file data29.cif (mmCIF, C-alpha atoms)
data_upload
loop_
_atom_site.label_atom_id
_atom_site.label_comp_id
_atom_site.auth_asym_id
_atom_site.auth_seq_id
_atom_site.Cartn_x
_atom_site.Cartn_y
_atom_site.Cartn_z
CA MET A 489 14.75 19.78 9.15
CA LYS A 490 13.43 17.00 11.39
CA VAL A 491 12.24 13.66 10.04
CA TRP A 492 11.20 10.36 11.55
CA GLN A 493 12.98 7.40 9.98
CA ILE A 494 13.07 3.62 10.30
CA PRO A 495 16.74 2.65 10.82
CA ALA A 496 15.71 -0.86 11.93
CA PHE A 497 12.32 -2.53 12.09
CA GLY A 498 10.11 -1.99 15.13
CA ILE A 499 8.16 0.90 16.65
CA ASP A 500 10.82 1.21 19.35
CA HIS A 501 13.40 1.86 16.65
CA LEU A 502 11.65 4.85 15.10
CA GLN A 503 14.23 7.61 15.13
CA LEU A 504 13.85 11.40 15.04
CA VAL A 505 16.81 12.88 13.14
CA GLU A 506 17.95 16.06 11.43
CA ARG A 507 18.37 16.14 7.66
CA ALA A 508 19.51 18.88 5.32
CA ALA A 509 16.97 21.45 4.15
CA LEU A 510 15.35 20.72 0.78
CA THR A 511 15.62 22.79 -2.39
CA PRO A 512 13.28 21.88 -5.26
CA GLY A 513 14.81 20.96 -8.59
CA PRO A 514 13.12 21.19 -12.00
CA GLY A 515 9.50 20.08 -11.80
CA GLN A 516 9.65 19.64 -8.02
CA VAL A 517 7.60 21.22 -5.24
CA ALA A 518 8.70 21.75 -1.64
CA VAL A 519 5.89 21.16 0.86
CA ARG A 520 5.85 22.11 4.55
CA VAL A 521 4.00 19.13 6.00
CA HIS A 522 1.39 20.15 8.57
CA ALA A 523 -0.26 16.79 9.27
CA VAL A 524 0.31 13.10 8.56
CA SER A 525 -2.21 10.29 9.00
CA LEU A 526 -1.45 6.64 9.67
CA ASN A 527 -2.58 3.58 7.75
CA TYR A 528 -2.20 -0.07 8.69
CA ARG A 529 0.36 -0.35 5.89
CA ASP A 530 2.55 2.20 7.71
CA LEU A 531 2.53 0.00 10.79
CA LEU A 532 3.39 -3.12 8.79
CA ILE A 533 6.26 -1.30 7.07
CA THR A 534 7.61 -0.08 10.41
CA LEU A 535 7.42 -3.58 11.89
CA GLY A 536 9.13 -5.13 8.86
CA LEU A 537 6.07 -7.20 7.97
CA TYR A 538 5.21 -5.45 4.69
CA ASN A 539 8.56 -5.73 2.94
CA PRO A 540 11.29 -7.36 5.06
CA LYS A 541 13.83 -6.42 2.36
CA LEU A 542 12.95 -2.71 2.46
CA ALA A 543 16.03 -0.51 2.06
CA LEU A 544 16.66 1.31 5.33
CA PRO A 545 16.63 3.94 6.64
CA ARG A 546 13.22 4.94 5.28
CA ILE A 547 10.91 7.84 6.20
CA PRO A 548 7.49 6.19 6.76
CA CYS A 549 3.91 7.22 6.05
CA SER A 550 2.18 7.69 2.71
CA ASP A 551 -0.43 10.26 3.77
CA GLY A 552 0.21 13.91 4.52
CA ALA A 553 -1.03 17.39 3.78
CA GLY A 554 0.77 20.70 3.80
CA GLU A 555 1.60 24.03 2.21
CA VAL A 556 3.76 24.68 -0.83
CA THR A 557 6.82 26.69 0.26
CA ALA A 558 8.89 26.68 -2.95
CA VAL A 559 8.67 25.46 -6.53
CA GLY A 560 11.36 24.42 -8.97
CA GLU A 561 11.93 25.45 -12.55
CA GLY A 562 9.10 24.53 -14.91
CA VAL A 563 6.45 23.97 -12.22
CA THR A 564 3.05 25.10 -13.49
CA ARG A 565 0.54 23.13 -11.42
CA PHE A 566 1.22 24.81 -8.07
CA LYS A 567 2.43 28.04 -6.50
CA VAL A 568 3.76 29.04 -3.10
CA GLY A 569 0.97 28.99 -0.52
CA ASP A 570 -1.16 26.28 -2.16
CA ARG A 571 -2.66 23.63 0.13
CA VAL A 572 -1.80 20.17 -1.16
CA ALA A 573 -1.56 16.46 -0.42
CA GLY A 574 0.70 13.87 -2.01
CA ILE A 575 -0.76 11.00 -4.00
CA PHE A 576 -0.05 7.49 -2.71
CA MET A 577 1.69 6.20 -5.85
CA GLN A 578 3.68 9.04 -7.32
CA HIS A 579 3.61 7.66 -10.89
CA TRP A 580 -0.08 6.65 -11.15
CA ILE A 581 -1.66 9.72 -12.67
CA ASP A 582 -4.69 8.23 -14.44
CA GLY A 583 -6.00 5.21 -16.29
CA PRO A 584 -5.72 1.59 -15.15
CA ALA A 585 -2.81 0.48 -13.00
CA ASP A 586 0.26 -1.26 -14.32
CA ALA A 587 3.58 -2.32 -12.79
CA ALA A 588 5.33 0.94 -13.62
CA LYS A 589 2.52 3.10 -12.21
CA GLN A 590 2.52 1.10 -8.98
CA ARG A 591 6.16 1.84 -8.28
CA GLY A 592 7.04 4.92 -6.29
CA ALA A 593 4.62 4.50 -3.36
CA LEU A 594 5.30 7.00 -0.59
CA GLY A 595 6.61 5.59 2.67
CA GLY A 596 7.60 2.32 1.00
CA ASP A 597 9.33 2.43 -2.36
CA ILE A 598 10.46 5.98 -1.58
CA ASP A 599 10.62 8.17 1.51
CA GLY A 600 7.25 9.19 2.90
CA MET A 601 5.59 12.13 4.60
CA LEU A 602 6.62 11.88 8.27
CA ALA A 603 8.91 14.87 7.98
CA GLU A 604 8.78 18.61 8.49
CA SER A 605 9.17 19.12 4.74
CA VAL A 606 9.15 16.94 1.63
CA LEU A 607 10.06 17.31 -2.03
CA LEU A 608 7.63 15.83 -4.54
CA ASP A 609 7.17 16.05 -8.28
CA GLN A 610 4.41 18.49 -9.20
CA ASN A 611 2.51 15.61 -10.80
CA GLY A 612 2.45 13.73 -7.51
CA LEU A 613 0.34 16.32 -5.70
CA VAL A 614 -3.32 17.36 -5.62
CA PRO A 615 -5.05 20.43 -4.16
CA ILE A 616 -7.01 19.66 -1.00
CA PRO A 617 -10.63 20.75 -0.36
CA ASP A 618 -10.78 24.23 1.14
CA HIS A 619 -13.14 23.29 3.97
CA LEU A 620 -10.83 20.65 5.45
CA SER A 621 -8.30 21.20 8.21
CA TRP A 622 -4.74 19.98 7.76
CA GLU A 623 -5.56 17.00 9.96
CA GLU A 624 -8.65 16.09 7.95
CA ALA A 625 -6.92 16.54 4.60
CA SER A 626 -4.04 14.30 5.66
CA THR A 627 -6.42 11.33 5.89
CA LEU A 628 -7.30 11.35 2.18
CA PRO A 629 -4.46 9.90 0.04
CA CYS A 630 -4.65 6.21 0.98
CA ALA A 631 -7.69 5.35 3.11
CA ALA A 632 -10.16 7.69 1.43
CA VAL A 633 -9.08 6.97 -2.16
CA THR A 634 -9.16 3.23 -1.39
CA ALA A 635 -12.69 3.48 -0.02
CA TRP A 636 -13.77 5.65 -2.95
CA ASN A 637 -12.54 3.06 -5.44
CA ALA A 638 -14.17 0.25 -3.50
CA VAL A 639 -17.58 1.92 -3.31
CA VAL A 640 -17.75 3.92 -6.53
CA HIS A 641 -15.68 1.98 -9.06
CA ALA A 642 -15.50 -1.64 -7.83
CA GLY A 643 -18.90 -1.76 -6.13
CA ARG A 644 -20.71 0.61 -8.51
CA VAL A 645 -22.98 1.45 -5.60
CA LYS A 646 -26.31 3.06 -6.42
CA PRO A 647 -29.25 4.27 -4.31
CA GLY A 648 -30.94 1.44 -2.46
CA ASP A 649 -27.94 -0.91 -2.54
CA THR A 650 -26.74 -2.61 0.63
CA VAL A 651 -23.07 -2.20 1.55
CA VAL A 652 -21.29 -4.09 4.33
CA ILE A 653 -18.28 -2.56 6.08
CA GLN A 654 -15.95 -4.42 8.43
CA GLY A 655 -14.73 -2.67 11.55
CA THR A 656 -14.38 1.06 12.10
CA GLY A 657 -10.90 1.87 10.82
CA GLY A 658 -10.09 4.55 8.29
CA VAL A 659 -11.09 2.74 5.08
CA SER A 660 -14.30 1.36 6.57
CA ILE A 661 -15.49 4.72 7.93
CA PHE A 662 -14.76 6.43 4.62
CA ALA A 663 -16.66 3.62 2.85
CA LEU A 664 -19.60 4.26 5.18
CA GLN A 665 -19.56 7.98 4.40
CA PHE A 666 -19.26 7.51 0.63
CA ALA A 667 -21.93 4.80 0.51
CA LYS A 668 -24.37 7.04 2.38
CA LEU A 669 -23.64 9.89 -0.05
CA LEU A 670 -24.76 7.53 -2.83
CA GLY A 671 -27.99 6.61 -1.06
CA ALA A 672 -27.01 3.11 0.03
CA ARG A 673 -27.98 1.18 3.13
CA VAL A 674 -24.88 0.33 5.17
CA LEU A 675 -24.46 -2.60 7.54
CA GLY A 676 -21.38 -2.92 9.72
CA THR A 677 -19.44 -5.31 11.91
CA SER A 678 -17.24 -4.48 14.89
CA GLY A 679 -15.92 -6.12 18.01
CA SER A 680 -17.08 -3.11 20.03
CA ASP A 681 -20.66 -2.04 20.72
CA GLU A 682 -19.38 1.44 21.56
CA LYS A 683 -17.76 1.75 18.11
CA LEU A 684 -20.95 0.52 16.45
CA ALA A 685 -22.88 3.24 18.27
CA ARG A 686 -20.41 5.86 17.01
CA ALA A 687 -20.75 4.50 13.48
CA LYS A 688 -24.55 4.71 13.71
CA ALA A 689 -24.19 8.39 14.54
CA LEU A 690 -22.45 8.71 11.14
CA GLY A 691 -25.25 6.94 9.29
CA LEU A 692 -24.64 3.20 9.81
CA ASP A 693 -28.08 1.62 9.43
CA ALA A 694 -27.43 -1.50 11.50
CA GLY A 695 -24.46 -3.18 13.14
CA VAL A 696 -23.47 -6.48 14.69
CA ASN A 697 -20.76 -7.37 17.20
CA TYR A 698 -18.74 -10.15 15.56
CA ARG A 699 -17.38 -11.26 18.95
CA GLN A 700 -20.94 -12.17 19.94
CA HIS A 701 -22.03 -13.29 16.47
CA GLU A 702 -19.13 -15.03 14.75
CA ASP A 703 -21.37 -16.05 11.85
CA TRP A 704 -22.14 -12.44 11.02
CA ALA A 705 -22.87 -13.36 7.41
CA LYS A 706 -26.05 -15.03 8.66
CA TRP A 707 -27.03 -11.69 10.23
CA VAL A 708 -26.38 -9.90 6.91
CA LEU A 709 -28.62 -12.38 5.11
CA GLU A 710 -31.36 -11.81 7.70
CA GLU A 711 -31.02 -8.04 7.27
CA THR A 712 -31.34 -8.36 3.49
CA GLY A 713 -34.26 -10.77 3.36
CA GLY A 714 -31.99 -13.64 2.40
CA SER A 715 -30.55 -12.04 -0.72
CA GLY A 716 -27.21 -10.78 0.64
CA ALA A 717 -25.27 -7.53 0.25
CA ASP A 718 -24.55 -5.80 -3.05
CA LEU A 719 -21.04 -4.90 -1.88
CA VAL A 720 -18.80 -6.12 0.92
CA VAL A 721 -15.84 -3.82 1.67
CA GLU A 722 -13.48 -6.59 2.75
CA VAL A 723 -10.69 -5.29 5.00
CA GLY A 724 -10.26 -8.33 7.23
CA GLY A 725 -8.35 -10.55 4.84
CA ALA A 726 -8.21 -14.34 4.84
CA GLY A 727 -9.78 -14.55 8.29
CA THR A 728 -13.01 -12.85 7.21
CA PHE A 729 -13.19 -13.68 3.50
CA ALA A 730 -15.35 -16.80 3.99
CA GLN A 731 -17.94 -14.73 5.85
CA SER A 732 -17.83 -12.02 3.18
CA LEU A 733 -18.44 -14.65 0.52
CA LYS A 734 -21.48 -15.93 2.42
CA ALA A 735 -22.76 -12.37 2.97
CA VAL A 736 -22.60 -11.13 -0.63
CA ARG A 737 -25.54 -11.61 -2.98
CA VAL A 738 -25.51 -13.57 -6.21
CA GLY A 739 -23.75 -11.33 -8.73
CA GLY A 740 -22.58 -9.01 -5.96
CA HIS A 741 -19.20 -7.40 -5.40
CA ILE A 742 -16.42 -7.96 -2.89
CA ALA A 743 -13.81 -5.20 -2.77
CA GLN A 744 -10.75 -6.94 -1.30
CA ILE A 745 -8.59 -4.44 0.52
CA GLY A 746 -7.19 -5.60 3.85
CA ILE A 747 -4.85 -8.22 5.22
CA LEU A 748 -5.66 -7.80 8.89
CA SER A 749 -6.33 -11.47 9.66
CA GLN A 750 -5.23 -14.92 8.59
CA SER A 751 -6.97 -18.29 8.36
CA ALA A 752 -5.87 -21.89 8.31
CA GLU A 753 -8.91 -22.76 6.22
CA PRO A 754 -8.51 -22.81 2.43
CA ILE A 755 -10.44 -20.25 0.42
CA GLN A 756 -13.51 -21.85 -1.13
CA ILE A 757 -13.68 -21.40 -4.88
CA ALA A 758 -17.04 -23.07 -5.57
CA PRO A 759 -19.18 -20.40 -3.83
CA MET A 760 -17.51 -17.71 -5.93
CA LEU A 761 -18.53 -19.59 -9.06
CA HIS A 762 -22.05 -20.42 -7.94
CA LYS A 763 -22.73 -16.85 -6.79
CA GLN A 764 -20.93 -15.31 -9.78
CA VAL A 765 -19.18 -12.94 -7.40
CA HIS A 766 -17.24 -9.96 -8.73
CA LEU A 767 -14.01 -9.97 -6.69
CA GLN A 768 -11.87 -6.87 -7.11
CA GLY A 769 -8.56 -6.22 -5.40
CA ILE A 770 -8.20 -2.56 -4.44
CA TYR A 771 -4.76 -0.96 -4.17
CA VAL A 772 -5.57 2.71 -3.50
CA GLY A 773 -5.98 4.54 -6.85
CA SER A 774 -4.70 7.14 -9.28
CA ARG A 775 -4.36 10.91 -9.04
CA ALA A 776 -7.46 11.17 -11.23
CA ASP A 777 -9.39 9.06 -8.70
CA PHE A 778 -8.15 11.33 -5.89
CA GLU A 779 -9.26 14.45 -7.76
CA GLU A 780 -12.66 12.92 -8.56
CA MET A 781 -13.14 12.02 -4.90
CA ASN A 782 -12.13 15.51 -3.78
CA ARG A 783 -14.84 17.02 -5.98
CA ALA A 784 -17.43 14.88 -4.19
CA ILE A 785 -15.98 15.70 -0.77
CA THR A 786 -16.11 19.42 -1.59
CA LEU A 787 -19.65 19.28 -2.99
CA HIS A 788 -21.03 17.43 0.04
CA ARG A 789 -18.79 19.16 2.61
CA LEU A 790 -17.81 15.74 3.89
CA GLN A 791 -15.72 15.74 7.07
CA PRO A 792 -13.19 12.91 7.56
CA ILE A 793 -13.26 11.34 11.02
CA VAL A 794 -10.09 11.93 13.03
CA ASP A 795 -10.08 9.93 16.24
CA LYS A 796 -6.89 11.16 17.90
CA THR A 797 -4.14 13.62 17.05
CA PHE A 798 -0.55 13.35 18.28
CA SER A 799 2.23 15.93 18.18
CA PHE A 800 5.19 15.33 15.86
CA ASP A 801 7.44 14.18 18.69
CA GLN A 802 4.80 11.65 19.77
CA ALA A 803 4.91 9.68 16.50
CA PRO A 804 5.83 6.34 18.17
CA ALA A 805 2.76 6.63 20.41
CA ALA A 806 0.59 7.11 17.32
CA PHE A 807 1.99 3.90 15.82
CA ALA A 808 1.35 2.11 19.11
CA LEU A 809 -2.30 3.19 19.00
CA MET A 810 -2.58 1.89 15.44
CA GLN A 811 -1.13 -1.43 16.60
CA SER A 812 -3.68 -1.66 19.42
CA ALA A 813 -6.61 -1.30 16.95
CA ALA A 814 -8.41 0.81 19.56
CA HIS A 815 -8.97 3.75 17.23
CA PHE A 816 -12.11 4.80 15.35
CA GLY A 817 -11.51 6.40 11.96
CA LYS A 818 -8.09 7.97 11.53
CA ILE A 819 -4.99 8.62 13.64
CA VAL A 820 -3.13 11.85 12.81
CA ILE A 821 0.27 13.27 13.66
CA ARG A 822 0.30 17.09 13.68
CA ASN A 823 3.50 18.76 12.56
#

call {"tool": "encode", "arguments": {"input": "data29.cif", "output": "structure tokens"}}
result
Amino acid sequence: MKVWQIPAFGIDHLQLVERAALTPGPGQVAVRVHAVSLNYRDLLITLGLYNPKLALPRIPCSDGAGEVTAVGEGVTRFKVGDRVAGIFMQHWIDGPADAAKQRGALGGDIDGMLAESVLLDQNGLVPIPDHLSWEEASTLPCAAVTAWNAVVHAGRVKPGDTVVIQGTGGVSIFALQFAKLLGARVLGTSGSDEKLARAKALGLDAGVNYRQHEDWAKWVLEETGGSGADLVVEVGGAGTFAQSLKAVRVGGHIAQIGILSQSAEPIQIAPMLHKQVHLQGIYVGSRADFEEMNRAITLHRLQPIVDKTFSFDQAPAAFALMQSAAHFGKIVIRN
């Protein structure tokens, strides 16, 4: 079977190789991967910026969807022909996270999904919603579950709340879709007016171009009558955190997800105290979170947003698009 692997760090070093066919052992499921979606983490891993000590070679990518082709002895959760996706952390089934549950992340701790076929434990898979294509389903394991946890569990969003999203990448667009399902008002930032217009077509209530309005927190305060947002889905990192802190209301929530930008300025602690901000780090979620989210996606017939699809042999070009940050929603590699 063909797989893409990282023999040395860098997009130019991605290597398409042949590996032996897979036979499932006890409790294992063989999955023919039909689509893989990219996350910013996959790019960082490939560049050597996520874990410079990562054991190589490594098959990248945490997110993929496919069809069960064989099951090992003792498998009861799936049968041949089932449509499935892998969970991001193969050991986090339910309950709160701990160090043991957070080991075994696909495409990092262990080989990932950028392969024609993979072997996973039956407990590390979930059924995918019937109405989704392979490409759409492949976007769910990391970006969608992260956004679900940010909006539903960390932000506890309810009808009438105001949610702020940053940019128009995978997590932010899913956060927009989930927040609208819950009846929230969603404000967004982007460096592109064209992307803001596309987001408005998905339900974004108002947007601001941060290249033209660097102090976008002031705009959020104006849009909320001075009170601030109930939830900021913070994907920018250190470079945007100060603005997020200014934009959130007293007693509001910041779901800290991304590390896209850096800042030479120290993080201000006093505003967090004075505003009694609930700051929650989000690191994807459990299988139970994934299954809960899938029930909502199925009920509302939600369609993930796939911006561009590449063929399997074009994987390096997909990573290059991720690096350019020119995409809207998700980038998918079709297998």

call {"tool": "atom_distance", "arguments": {"input": "data29.cif", "atom1": "atom CA of A:Leu510", "atom2": "atom CA of A:Asp609"}}
result
13.1 Å

call {"tool": "resolve_selection", "arguments": {"input": "data29.cif", "expression": "the PyMOL selection byres ((chain A and resi 640) around 12)", "output": "PyMOL selection string"}}
result
chain A and resi 632-639+641-647+649+651+662-672+719+721+741+743+770+773+777+780-781+784

call {"tool": "write_last_selection", "arguments": {"input": "data29.cif", "atoms": "C-alpha atoms", "output": "PDB file, in the coordinates of the input"}}
result
ATOM      1  CA  ALA A 632     -10.160   7.690   1.430  1.00  0.00           C
ATOM      2  CA  VAL A 633      -9.080   6.970  -2.160  1.00  0.00           C
ATOM      3  CA  THR A 634      -9.160   3.230  -1.390  1.00  0.00           C
ATOM      4  CA  ALA A 635     -12.690   3.480  -0.020  1.00  0.00           C
ATOM      5  CA  TRP A 636     -13.770   5.650  -2.950  1.00  0.00           C
ATOM      6  CA  ASN A 637     -12.540   3.060  -5.440  1.00  0.00           C
ATOM      7  CA  ALA A 638     -14.170   0.250  -3.500  1.00  0.00           C
ATOM      8  CA  VAL A 639     -17.580   1.920  -3.310  1.00  0.00           C
ATOM      9  CA  HIS A 641     -15.680   1.980  -9.060  1.00  0.00           C
ATOM     10  CA  ALA A 642     -15.500  -1.640  -7.830  1.00  0.00           C
ATOM     11  CA  GLY A 643     -18.900  -1.760  -6.130  1.00  0.00           C
ATOM     12  CA  ARG A 644     -20.710   0.610  -8.510  1.00  0.00           C
ATOM     13  CA  VAL A 645     -22.980   1.450  -5.600  1.00  0.00           C
ATOM     14  CA  LYS A 646     -26.310   3.060  -6.420  1.00  0.00           C
ATOM     15  CA  PRO A 647     -29.250   4.270  -4.310  1.00  0.00           C
ATOM     16  CA  ASP A 649     -27.940  -0.910  -2.540  1.00  0.00           C
ATOM     17  CA  VAL A 651     -23.070  -2.200   1.550  1.00  0.00           C
ATOM     18  CA  PHE A 662     -14.760   6.430   4.620  1.00  0.00           C
ATOM     19  CA  ALA A 663     -16.660   3.620   2.850  1.00  0.00           C
ATOM     20  CA  LEU A 664     -19.600   4.260   5.180  1.00  0.00           C
ATOM     21  CA  GLN A 665     -19.560   7.980   4.400  1.00  0.00           C
ATOM     22  CA  PHE A 666     -19.260   7.510   0.630  1.00  0.00           C
ATOM     23  CA  ALA A 667     -21.930   4.800   0.510  1.00  0.00           C
ATOM     24  CA  LYS A 668     -24.370   7.040   2.380  1.00  0.00           C
ATOM     25  CA  LEU A 669     -23.640   9.890  -0.050  1.00  0.00           C
ATOM     26  CA  LEU A 670     -24.760   7.530  -2.830  1.00  0.00           C
ATOM     27  CA  GLY A 671     -27.990   6.610  -1.060  1.00  0.00           C
ATOM     28  CA  ALA A 672     -27.010   3.110   0.030  1.00  0.00           C
ATOM     29  CA  LEU A 719     -21.040  -4.900  -1.880  1.00  0.00           C
ATOM     30  CA  VAL A 721     -15.840  -3.820   1.670  1.00  0.00           C
ATOM     31  CA  HIS A 741     -19.200  -7.400  -5.400  1.00  0.00           C
ATOM     32  CA  ALA A 743     -13.810  -5.200  -2.770  1.00  0.00           C
ATOM     33  CA  ILE A 770      -8.200  -2.560  -4.440  1.00  0.00           C
ATOM     34  CA  GLY A 773      -5.980   4.540  -6.850  1.00  0.00           C
ATOM     35  CA  ASP A 777      -9.390   9.060  -8.700  1.00  0.00           C
ATOM     36  CA  GLU A 780     -12.660  12.920  -8.560  1.00  0.00           C
ATOM     37  CA  MET A 781     -13.140  12.020  -4.900  1.00  0.00           C
ATOM     38  CA  ALA A 784     -17.430  14.880  -4.190  1.00  0.00           C
TER      39      ALA A 784
END

call {"tool": "closest_residue", "arguments": {"input": "data29.cif", "among": "A:Phe778, A:Ile653, A:Ala558, A:Gly679", "to": "A:Gln700", "atoms": "only C-alpha atoms"}}
result
A:Gly679

call {"tool": "atom_distance", "arguments": {"input": "data29.cif", "atom1": "atom CA of A:Ile661", "atom2": "atom CA of A:Gly596"}}
result
24.2 Å

call {"tool": "residues_around", "arguments": {"input": "data29.cif", "residues": "A:Arg737", "least_positions_apart": "6", "cutoff": "12 Å", "atoms": "all atoms listed in the file", "output": "list in words"}}
result
Asp649, Thr650, Val651, Val652, Ala705, Val708, Leu709, Thr712, Gly713, Gly714, Ser715, Gly716, Ala717, Asp718, Leu719, Val720, Pro759, Met760, His762, Lys763, Gln764, Val765 and His766 of chain A

call {"tool": "atom_distance", "arguments": {"input": "data29.cif", "atom1": "atom CA of A:Ile747", "atom2": "atom CA of A:Gly724"}}
result
5.8 Å

call {"tool": "closest_residue", "arguments": {"input": "data29.cif", "among": "A:Val614, A:Leu767, A:Leu684, A:Cys549", "to": "A:Leu526", "atoms": "all atoms listed in the file"}}
result
A:Cys549

call {"tool": "residues_around", "arguments": {"input": "data29.cif", "residues": "stretch 692-694 of chain A", "least_positions_apart": "3", "cutoff": "9 Å", "atoms": "only C-alpha atoms", "output": "PyMOL selection string"}}
result
chain A and resi 664-665+668+673-677+684-689+711

call {"tool": "resolve_selection", "arguments": {"input": "data29.cif", "expression": "the PyMOL selection byres ((chain A and resi 518) around 12)", "output": "PyMOL selection string"}}
result
chain A and resi 509-517+519-521+553-561+563+566-574+601+603-610+612-613

call {"tool": "write_last_selection", "arguments": {"input": "data29.cif", "atoms": "C-alpha atoms", "output": "compact mmCIF listing (two decimals), keeping the file's coordinate frame"}}
result
# COMPACT_ATOMS: atom_id res chain seq x y z
CA ALA A 509 16.97 21.45 4.15
CA LEU A 510 15.35 20.72 0.78
CA THR A 511 15.62 22.79 -2.39
CA PRO A 512 13.28 21.88 -5.26
CA GLY A 513 14.81 20.96 -8.59
CA PRO A 514 13.12 21.19 -12.00
CA GLY A 515 9.50 20.08 -11.80
CA GLN A 516 9.65 19.64 -8.02
CA VAL A 517 7.60 21.22 -5.24
CA VAL A 519 5.89 21.16 0.86
CA ARG A 520 5.85 22.11 4.55
CA VAL A 521 4.00 19.13 6.00
CA ALA A 553 -1.03 17.39 3.78
CA GLY A 554 0.77 20.70 3.80
CA GLU A 555 1.60 24.03 2.21
CA VAL A 556 3.76 24.68 -0.83
CA THR A 557 6.82 26.69 0.26
CA ALA A 558 8.89 26.68 -2.95
CA VAL A 559 8.67 25.46 -6.53
CA GLY A 560 11.36 24.42 -8.97
CA GLU A 561 11.93 25.45 -12.55
CA VAL A 563 6.45 23.97 -12.22
CA PHE A 566 1.22 24.81 -8.07
CA LYS A 567 2.43 28.04 -6.50
CA VAL A 568 3.76 29.04 -3.10
CA GLY A 569 0.97 28.99 -0.52
CA ASP A 570 -1.16 26.28 -2.16
CA ARG A 571 -2.66 23.63 0.13
CA VAL A 572 -1.80 20.17 -1.16
CA ALA A 573 -1.56 16.46 -0.42
CA GLY A 574 0.70 13.87 -2.01
CA MET A 601 5.59 12.13 4.60
CA ALA A 603 8.91 14.87 7.98
CA GLU A 604 8.78 18.61 8.49
CA SER A 605 9.17 19.12 4.74
CA VAL A 606 9.15 16.94 1.63
CA LEU A 607 10.06 17.31 -2.03
CA LEU A 608 7.63 15.83 -4.54
CA ASP A 609 7.17 16.05 -8.28
CA GLN A 610 4.41 18.49 -9.20
CA GLY A 612 2.45 13.73 -7.51
CA LEU A 613 0.34 16.32 -5.70

call {"tool": "residues_around", "arguments": {"input": "data29.cif", "residues": "A:Gly657", "least_positions_apart": "6", "cutoff": "9 Å", "atoms": "all atoms listed in the file", "output": "list in words"}}
result
Ala813, His815, Phe816, Gly817 and Lys818 of chain A

call {"tool": "closest_residue", "arguments": {"input": "data29.cif", "among": "A:Pro792, A:Gly727, A:Pro804, A:Gly739", "to": "A:Ile755", "atoms": "only C-alpha atoms"}}
result
A:Gly727

call {"tool": "decode", "arguments": {"input": "data29.cif", "residues": "stretch 675-699 of chain A", "atoms": "C-alpha atoms", "output": "CSV table (one decimal), in the first residue's frame"}}
result
chain,number,residue,atom,x,y,z
A,675,LEU,CA,-18.8,38.2,15.1
A,676,GLY,CA,-15.6,37.5,13.1
A,677,THR,CA,-12.2,38.8,12.2
A,678,SER,CA,-10.2,38.2,9.0
A,679,GLY,CA,-7.5,39.8,7.0
A,680,SER,CA,-9.6,39.4,3.8
A,681,ASP,CA,-12.9,41.1,3.0
A,682,GLU,CA,-13.6,38.3,0.5
A,683,LYS,CA,-13.3,35.7,3.2
A,684,LEU,CA,-15.6,37.8,5.5
A,685,ALA,CA,-18.2,37.9,2.8
A,686,ARG,CA,-18.0,34.1,2.4
A,687,ALA,CA,-18.4,33.7,6.2
A,688,LYS,CA,-21.4,36.0,6.2
A,689,ALA,CA,-23.0,33.6,3.6
A,690,LEU,CA,-22.7,30.9,6.3
A,691,GLY,CA,-24.3,33.0,9.0
A,692,LEU,CA,-21.6,35.4,10.3
A,693,ASP,CA,-23.5,38.4,11.6
A,694,ALA,CA,-20.8,41.0,11.3
A,695,GLY,CA,-17.1,41.0,10.4
A,696,VAL,CA,-14.0,43.3,10.6
A,697,ASN,CA,-10.8,43.3,8.6
A,698,TYR,CA,-8.0,43.2,11.2
A,699,ARG,CA,-5.5,44.6,8.7
